[in-house]
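model_19.pdb follows (PDB, C-alpha atoms, pLDDT in the B column):
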```pdb
ATOM      1  CA  MET A  24     146.475 109.742  95.482  1.00 95.00           C
ATOM      2  CA  LYS A  25     148.583 108.639  98.446  1.00 98.00           C
ATOM      3  CA  THR A  26     148.832 105.107  99.795  1.00 98.00           C
ATOM      4  CA  LEU A  27     149.914 104.299 103.339  1.00 98.00           C
ATOM      5  CA  TYR A  28     150.860 100.797 104.487  1.00 98.00           C
ATOM      6  CA  LEU A  29     150.705 100.454 108.264  1.00 98.00           C
ATOM      7  CA  ILE A  30     152.886  97.434 109.033  1.00 98.00           C
ATOM      8  CA  ARG A  31     153.414  95.965 112.469  1.00 98.00           C
ATOM      9  CA  HIS A  32     156.846  94.480 113.126  1.00 98.00           C
ATOM     10  CA  ALA A  33     157.194  90.703 112.913  1.00 97.00           C
ATOM     11  CA  LYS A  34     156.994  88.467 115.996  1.00 97.00           C
ATOM     12  CA  SER A  35     159.855  89.103 118.396  1.00 95.00           C
ATOM     13  CA  SER A  36     161.672  86.973 120.905  1.00 90.00           C
ATOM     14  CA  TRP A  37     161.003  87.009 124.628  1.00 85.00           C
ATOM     15  CA  SER A  38     163.529  84.215 125.289  1.00 84.00           C
ATOM     16  CA  ASP A  39     166.006  86.439 127.145  1.00 81.00           C
ATOM     17  CA  PRO A  40     164.243  88.398 129.908  1.00 82.00           C
ATOM     18  CA  GLY A  41     167.412  90.431 130.436  1.00 84.00           C
ATOM     19  CA  VAL A  42     167.230  92.015 126.976  1.00 87.00           C
ATOM     20  CA  ASP A  43     165.769  95.516 126.868  1.00 90.00           C
ATOM     21  CA  ASP A  44     162.473  95.688 124.935  1.00 88.00           C
ATOM     22  CA  PHE A  45     164.022  98.043 122.367  1.00 93.00           C
ATOM     23  CA  GLU A  46     166.759  95.482 121.602  1.00 91.00           C
ATOM     24  CA  ARG A  47     164.566  92.390 121.202  1.00 91.00           C
ATOM     25  CA  THR A  48     165.188  90.509 117.936  1.00 95.00           C
ATOM     26  CA  LEU A  49     162.796  88.548 115.763  1.00 96.00           C
ATOM     27  CA  ASN A  50     162.001  84.999 116.819  1.00 96.00           C
ATOM     28  CA  LYS A  51     161.746  82.061 114.375  1.00 96.00           C
ATOM     29  CA  ARG A  52     158.124  82.836 113.516  1.00 96.00           C
ATOM     30  CA  GLY A  53     158.982  86.481 112.861  1.00 97.00           C
ATOM     31  CA  GLN A  54     161.882  85.446 110.637  1.00 97.00           C
ATOM     32  CA  LYS A  55     159.452  83.286 108.621  1.00 96.00           C
ATOM     33  CA  ASP A  56     156.505  85.726 108.541  1.00 97.00           C
ATOM     34  CA  ALA A  57     158.322  88.870 107.375  1.00 98.00           C
ATOM     35  CA  PRO A  58     159.546  87.248 104.126  1.00 97.00           C
ATOM     36  CA  VAL A  59     156.018  85.923 103.489  1.00 96.00           C
ATOM     37  CA  MET A  60     154.605  89.441 103.486  1.00 97.00           C
ATOM     38  CA  GLY A  61     157.548  90.708 101.428  1.00 97.00           C
ATOM     39  CA  LYS A  62     156.891  88.052  98.787  1.00 97.00           C
ATOM     40  CA  ILE A  63     153.217  89.023  98.705  1.00 97.00           C
ATOM     41  CA  PHE A  64     154.173  92.662  98.151  1.00 97.00           C
ATOM     42  CA  LYS A  65     156.502  91.601  95.327  1.00 97.00           C
ATOM     43  CA  LYS A  66     153.862  89.354  93.752  1.00 96.00           C
ATOM     44  CA  ASN A  67     151.361  92.240  93.844  1.00 96.00           C
ATOM     45  CA  LEU A  68     153.976  94.660  92.479  1.00 96.00           C
ATOM     46  CA  VAL A  69     153.861  96.823  95.603  1.00 97.00           C
ATOM     47  CA  LYS A  70     156.914  99.076  95.683  1.00 95.00           C
ATOM     48  CA  PRO A  71     156.992 101.903  98.219  1.00 98.00           C
ATOM     49  CA  ASP A  72     158.653 105.225  97.537  1.00 98.00           C
ATOM     50  CA  CYS A  73     159.664 105.345 101.182  1.00 98.00           C
ATOM     51  CA  ILE A  74     159.994 102.932 104.101  1.00 98.00           C
ATOM     52  CA  ILE A  75     160.001 104.487 107.564  1.00 98.00           C
ATOM     53  CA  ALA A  76     160.556 102.175 110.516  1.00 98.00           C
ATOM     54  CA  SER A  77     160.833 102.427 114.255  1.00 98.00           C
ATOM     55  CA  SER A  78     164.458 102.275 115.323  1.00 97.00           C
ATOM     56  CA  SER A  79     163.820  99.262 117.574  1.00 98.00           C
ATOM     57  CA  ARG A  80     165.829  96.221 116.545  1.00 97.00           C
ATOM     58  CA  ARG A  81     162.843  93.977 115.707  1.00 97.00           C
ATOM     59  CA  THR A  82     161.238  96.687 113.589  1.00 98.00           C
ATOM     60  CA  LEU A  83     164.374  97.419 111.608  1.00 98.00           C
ATOM     61  CA  GLU A  84     164.871  93.672 111.072  1.00 98.00           C
ATOM     62  CA  THR A  85     161.305  93.457 109.731  1.00 98.00           C
ATOM     63  CA  ALA A  86     161.874  96.452 107.450  1.00 98.00           C
ATOM     64  CA  GLU A  87     165.110  94.995 106.098  1.00 98.00           C
ATOM     65  CA  ILE A  88     163.595  91.577 105.378  1.00 98.00           C
ATOM     66  CA  ILE A  89     160.633  93.111 103.551  1.00 98.00           C
ATOM     67  CA  ALA A  90     162.891  95.551 101.678  1.00 98.00           C
ATOM     68  CA  GLU A  91     165.102  92.706 100.457  1.00 98.00           C
ATOM     69  CA  LYS A  92     162.084  90.800  99.123  1.00 98.00           C
ATOM     70  CA  ILE A  93     160.823  93.801  97.135  1.00 98.00           C
ATOM     71  CA  ASP A  94     164.270  94.984  95.974  1.00 97.00           C
ATOM     72  CA  TYR A  95     164.070  98.200  97.976  1.00 98.00           C
ATOM     73  CA  PRO A  96     167.550  99.564  98.827  1.00 98.00           C
ATOM     74  CA  LEU A  97     168.346  98.883 102.498  1.00 97.00           C
ATOM     75  CA  GLY A  98     170.226 102.168 102.731  1.00 97.00           C
ATOM     76  CA  ARG A  99     167.022 104.073 101.954  1.00 98.00           C
ATOM     77  CA  ILE A 100     165.106 102.726 104.977  1.00 98.00           C
ATOM     78  CA  ILE A 101     164.478 105.653 107.302  1.00 98.00           C
ATOM     79  CA  SER A 102     164.925 104.729 110.959  1.00 98.00           C
ATOM     80  CA  ASN A 103     162.811 106.986 113.164  1.00 97.00           C
ATOM     81  CA  ASP A 104     163.313 107.012 116.942  1.00 96.00           C
ATOM     82  CA  ASN A 105     159.939 108.716 117.419  1.00 96.00           C
ATOM     83  CA  ILE A 106     157.969 105.670 116.236  1.00 97.00           C
ATOM     84  CA  TYR A 107     159.043 103.510 119.181  1.00 96.00           C
ATOM     85  CA  GLU A 108     156.470 104.047 121.964  1.00 95.00           C
ATOM     86  CA  ALA A 109     154.704 106.632 119.779  1.00 96.00           C
ATOM     87  CA  SER A 110     151.152 107.665 120.409  1.00 95.00           C
ATOM     88  CA  THR A 111     148.683 107.601 117.554  1.00 95.00           C
ATOM     89  CA  TYR A 112     149.030 111.362 117.204  1.00 95.00           C
ATOM     90  CA  ASP A 113     152.825 111.100 117.138  1.00 97.00           C
ATOM     91  CA  LEU A 114     152.451 108.757 114.156  1.00 98.00           C
ATOM     92  CA  LEU A 115     149.945 111.089 112.530  1.00 97.00           C
ATOM     93  CA  ASP A 116     152.446 113.917 112.932  1.00 97.00           C
ATOM     94  CA  ILE A 117     155.121 111.857 111.159  1.00 98.00           C
ATOM     95  CA  ILE A 118     152.700 111.090 108.303  1.00 98.00           C
ATOM     96  CA  THR A 119     151.564 114.689 107.817  1.00 98.00           C
ATOM     97  CA  LYS A 120     155.198 115.801 107.541  1.00 98.00           C
ATOM     98  CA  LEU A 121     156.070 113.306 104.782  1.00 98.00           C
ATOM     99  CA  ASP A 122     157.476 114.742 101.581  1.00 98.00           C
ATOM    100  CA  ASP A 123     154.744 114.947  98.939  1.00 98.00           C
ATOM    101  CA  LYS A 124     157.087 113.376  96.384  1.00 98.00           C
ATOM    102  CA  TYR A 125     156.236 110.044  98.068  1.00 98.00           C
ATOM    103  CA  SER A 126     153.029 108.453  96.792  1.00 98.00           C
ATOM    104  CA  CYS A 127     153.376 105.111  98.560  1.00 98.00           C
ATOM    105  CA  VAL A 128     154.810 104.833 102.079  1.00 98.00           C
ATOM    106  CA  PHE A 129     155.428 101.878 104.381  1.00 98.00           C
ATOM    107  CA  LEU A 130     155.258 102.873 108.056  1.00 98.00           C
ATOM    108  CA  ILE A 131     156.581  99.994 110.154  1.00 98.00           C
ATOM    109  CA  GLY A 132     155.949 100.217 113.865  1.00 98.00           C
ATOM    110  CA  HIS A 133     154.202  98.955 116.961  1.00 97.00           C
ATOM    111  CA  ASN A 134     150.844  98.353 118.574  1.00 97.00           C
ATOM    112  CA  PRO A 135     148.660  99.683 120.019  1.00 97.00           C
ATOM    113  CA  ALA A 136     149.371 102.915 118.113  1.00 97.00           C
ATOM    114  CA  LEU A 137     149.177 101.324 114.634  1.00 98.00           C
ATOM    115  CA  THR A 138     145.793  99.705 115.249  1.00 98.00           C
ATOM    116  CA  ILE A 139     144.376 102.867 116.780  1.00 98.00           C
ATOM    117  CA  LEU A 140     145.730 104.871 113.827  1.00 98.00           C
ATOM    118  CA  ALA A 141     144.128 102.496 111.310  1.00 98.00           C
ATOM    119  CA  ASN A 142     140.793 102.942 113.081  1.00 98.00           C
ATOM    120  CA  LEU A 143     141.239 106.715 113.285  1.00 98.00           C
ATOM    121  CA  LEU A 144     142.028 107.241 109.615  1.00 98.00           C
ATOM    122  CA  THR A 145     139.299 105.068 108.073  1.00 98.00           C
ATOM    123  CA  ASP A 146     135.712 103.990 108.667  1.00 96.00           C
ATOM    124  CA  VAL A 147     136.848 100.379 109.074  1.00 96.00           C
ATOM    125  CA  GLN A 148     137.323  99.280 112.669  1.00 96.00           C
ATOM    126  CA  ILE A 149     139.666  96.421 113.565  1.00 98.00           C
ATOM    127  CA  ASP A 150     140.581  94.936 116.935  1.00 97.00           C
ATOM    128  CA  ASN A 151     144.258  94.360 116.278  1.00 98.00           C
ATOM    129  CA  ILE A 152     146.952  94.501 113.628  1.00 98.00           C
ATOM    130  CA  PRO A 153     148.790  91.254 114.385  1.00 98.00           C
ATOM    131  CA  THR A 154     152.547  90.906 114.077  1.00 97.00           C
ATOM    132  CA  THR A 155     153.615  91.391 110.450  1.00 98.00           C
ATOM    133  CA  GLY A 156     150.055  92.527 109.723  1.00 98.00           C
ATOM    134  CA  VAL A 157     149.474  95.116 107.020  1.00 98.00           C
ATOM    135  CA  PHE A 158     146.635  97.649 106.953  1.00 98.00           C
ATOM    136  CA  VAL A 159     146.501  99.647 103.713  1.00 98.00           C
ATOM    137  CA  ILE A 160     144.866 103.070 103.417  1.00 98.00           C
ATOM    138  CA  GLY A 161     144.349 105.269 100.360  1.00 98.00           C
ATOM    139  CA  PHE A 162     144.010 109.035 100.461  1.00 98.00           C
ATOM    140  CA  ASP A 163     142.337 110.979  97.686  1.00 98.00           C
ATOM    141  CA  PHE A 164     144.677 113.957  97.718  1.00 96.00           C
ATOM    142  CA  THR A 165     148.264 114.834  96.834  1.00 96.00           C
ATOM    143  CA  HIS A 166     149.486 116.350 100.121  1.00 98.00           C
ATOM    144  CA  TRP A 167     150.323 114.229 103.177  1.00 98.00           C
ATOM    145  CA  ARG A 168     149.588 117.225 105.414  1.00 98.00           C
ATOM    146  CA  LYS A 169     145.871 116.701 104.695  1.00 98.00           C
ATOM    147  CA  VAL A 170     145.835 113.296 106.400  1.00 98.00           C
ATOM    148  CA  CYS A 171     143.580 113.451 109.433  1.00 97.00           C
ATOM    149  CA  GLU A 172     140.739 111.598 111.091  1.00 97.00           C
ATOM    150  CA  LYS A 173     138.503 109.639 108.656  1.00 98.00           C
ATOM    151  CA  THR A 174     140.180 111.021 105.501  1.00 98.00           C
ATOM    152  CA  GLY A 175     141.452 107.611 104.415  1.00 98.00           C
ATOM    153  CA  THR A 176     139.797 104.882 102.415  1.00 98.00           C
ATOM    154  CA  PHE A 177     140.333 101.298 103.552  1.00 98.00           C
ATOM    155  CA  ILE A 178     142.065  99.268 100.827  1.00 98.00           C
ATOM    156  CA  SER A 179     143.061  96.003 102.507  1.00 98.00           C
ATOM    157  CA  PHE A 180     144.068  94.219 105.685  1.00 98.00           C
ATOM    158  CA  ASP A 181     146.341  91.209 105.523  1.00 97.00           C
ATOM    159  CA  TYR A 182     148.639  89.151 107.745  1.00 96.00           C
ATOM    160  CA  PRO A 183     150.739  85.969 107.534  1.00 94.00           C
ATOM    161  CA  LYS A 184     148.200  83.618 109.125  1.00 93.00           C
ATOM    162  CA  ASN A 185     146.058  84.102 105.997  1.00 92.00           C
ATOM    163  CA  TYR A 186     148.708  82.093 104.118  1.00 87.00           C
ATOM    164  CA  LYS A 187     149.159  79.122 106.446  1.00 73.00           C
TER     165      LYS A 187
END
```

Mind turning this structure into structure tokens?
Amino acid sequence: MKTLYLIRHAKSSWSDPGVDDFERTLNKRGQKDAPVMGKIFKKNLVKPDCIIASSSRRTLETAEIIAEKIDYPLGRIISNDNIYEASTYDLLDIITKLDDKYSCVFLIGHNPALTILANLLTDVQIDNIPTTGVFVIGFDFTHWRKVCEKTGTFISFDYPKNYK
């Protein structure tokens, strides 16, 4: 069994229009929401074997905040340049090349690719994974390379506004 957590980065700041999109940081809401989801993971004893995040600043900040809350070593977060502006099939390619030693993986990235991927992999259809939203998918096999369209089972969908 494999479990994939599709996690959208926390809310980012648009306060400085001169900052490149890739370099945008988390805003106050993002800095509050990411720890909320991290605490929920910790409470539910969710501990990934691997965290892979887009190399954009806001996504790495989200990954680091969540990792700290679940006692995941920051040095083990994998920053992947290919997640930023990735298509759904780019993300699928990353997933199918994961090492099979990982049973539980957090993939932290961006919309619209994450939402489209969630809809592609399961029979559940959602309109949007909101910022810091988490869509969890289970796969009934031991090899990541088998992940493809409609092979996943929807487990849960959660986001910070559920806790306000």

Discussion item. Using the chain letters and numbers from this file, what does the PyMOL selection byres ((chain A and resi 123) around 9) select? Give the answer as a list in words.
Written reply: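 Checking the PyMOL selection byres ((chain A and resi 123) around 9) against this file, the residues are Lys25, Lys120, Leu121, Asp122, Lys124, Tyr125, Ser126, Thr165, His166, Trp167 and Arg168 of chain A.
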
Discussion item. Is it possible to get the residues within 12 Å of (162.2, 96.0, 105.0) (coordinates as in the file, counting only C-alpha atoms) written as an MDAnalysis selection string?
Written reply: chainID A and resid 30:33 54 57:62 64 70:71 73:77 81:102 128:132 155

Output for the residues just chosen: C-alpha atoms as a compact mmCIF listing (two decimals), in the frame of the given file:
```txt
# COMPACT_ATOMS: atom_id res chain seq x y z
CA ILE A 30 152.89 97.43 109.03
CA ARG A 31 153.41 95.96 112.47
CA HIS A 32 156.85 94.48 113.13
CA ALA A 33 157.19 90.70 112.91
CA GLN A 54 161.88 85.45 110.64
CA ALA A 57 158.32 88.87 107.38
CA PRO A 58 159.55 87.25 104.13
CA VAL A 59 156.02 85.92 103.49
CA MET A 60 154.60 89.44 103.49
CA GLY A 61 157.55 90.71 101.43
CA LYS A 62 156.89 88.05 98.79
CA PHE A 64 154.17 92.66 98.15
CA LYS A 70 156.91 99.08 95.68
CA PRO A 71 156.99 101.90 98.22
CA CYS A 73 159.66 105.34 101.18
CA ILE A 74 159.99 102.93 104.10
CA ILE A 75 160.00 104.49 107.56
CA ALA A 76 160.56 102.18 110.52
CA SER A 77 160.83 102.43 114.26
CA ARG A 81 162.84 93.98 115.71
CA THR A 82 161.24 96.69 113.59
CA LEU A 83 164.37 97.42 111.61
CA GLU A 84 164.87 93.67 111.07
CA THR A 85 161.30 93.46 109.73
CA ALA A 86 161.87 96.45 107.45
CA GLU A 87 165.11 95.00 106.10
CA ILE A 88 163.60 91.58 105.38
CA ILE A 89 160.63 93.11 103.55
CA ALA A 90 162.89 95.55 101.68
CA GLU A 91 165.10 92.71 100.46
CA LYS A 92 162.08 90.80 99.12
CA ILE A 93 160.82 93.80 97.14
CA ASP A 94 164.27 94.98 95.97
CA TYR A 95 164.07 98.20 97.98
CA PRO A 96 167.55 99.56 98.83
CA LEU A 97 168.35 98.88 102.50
CA GLY A 98 170.23 102.17 102.73
CA ARG A 99 167.02 104.07 101.95
CA ILE A 100 165.11 102.73 104.98
CA ILE A 101 164.48 105.65 107.30
CA SER A 102 164.92 104.73 110.96
CA VAL A 128 154.81 104.83 102.08
CA PHE A 129 155.43 101.88 104.38
CA LEU A 130 155.26 102.87 108.06
CA ILE A 131 156.58 99.99 110.15
CA GLY A 132 155.95 100.22 113.86
CA THR A 155 153.62 91.39 110.45
```

Worksheet entry | Who sits within 9 Å of Tyr112 in chain A, all atoms listed in the file, same chain under 4 positions skipped, as a list in words |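 Residues meeting the cut-off are Asp116, Ile117, Ala136 and Leu140 of chain A.
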
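When the PyMOL selection byres ((chain A and resi 27) around 7) is evaluated on the file shown here, the picked residues come out as Lys25, Thr26, Tyr28, Leu29, Cys127, Val128, Phe129, Val159, Ile160 and Gly161 of chain A.
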
Worksheet item: Quick one: distance from CA of Met24 in chain A to CA of Asn151 in chain A in Å, one decimal?
Response: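 That distance, rounded to one decimal, is 26.0 Å.
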
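Proximity of A:Phe177, A:Thr154, A:Asn134, A:Asn103 to Leu49 in chain A, computed with all atoms listed in the file, is greatest for A:Thr154.
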
Discussion item. I need the residue nearest Lys51 in chain A from this list: A:Ser79, A:Asp104, A:Gln148, A:Trp37. Use only C-alpha atoms for the distance.
Written reply: A:Trp37

Item to complete: In Å, rounded to a single decimal, give me how far CA of Thr138 in chain A is from CA of Asn185 in chain A.
Response: 18.1 Å

Practice prompt. Enumerate, as a PyMOL selection string, the residues matched when the PyMOL selection byres ((chain A and resi 149) around 12) is run on the file above.
Written response: chain A and resi 135+137-148+150-153+156-158+177+179-181

Worksheet item: When you draw a straight line from CA of Gly53 in chain A to CA of Ser35 in chain A, how long is it in Å?
Response: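 Distance between the two atoms: 6.2 Å.
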
Fill in: Counting only C-alpha atoms, the residue of A:Ser36, A:Phe162, A:Lys169, A:Ala109 that sits nearest Thr48 in chain A
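The answer is A:Ser36, which sits nearest to Thr48 in chain A.
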
Worksheet entry | Minimum-distance residue to Glu46 in chain A, chosen among A:Lys173, A:His133, A:Arg80, A:Lys184 (using all atoms listed in the file) |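 Going through A:Lys173, A:His133, A:Arg80, A:Lys184 one by one, the smallest distance to Glu46 in chain A is for A:Arg80.
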
Discussion item. Here is a test: counting all atoms listed in the file, which residue of A:Asp113, A:Glu108, A:Asp72, A:Asp56 is nearest to Asp44 in chain A?
Written reply: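 Counting all atoms listed in the file, the residue closest to Asp44 in chain A is A:Glu108.
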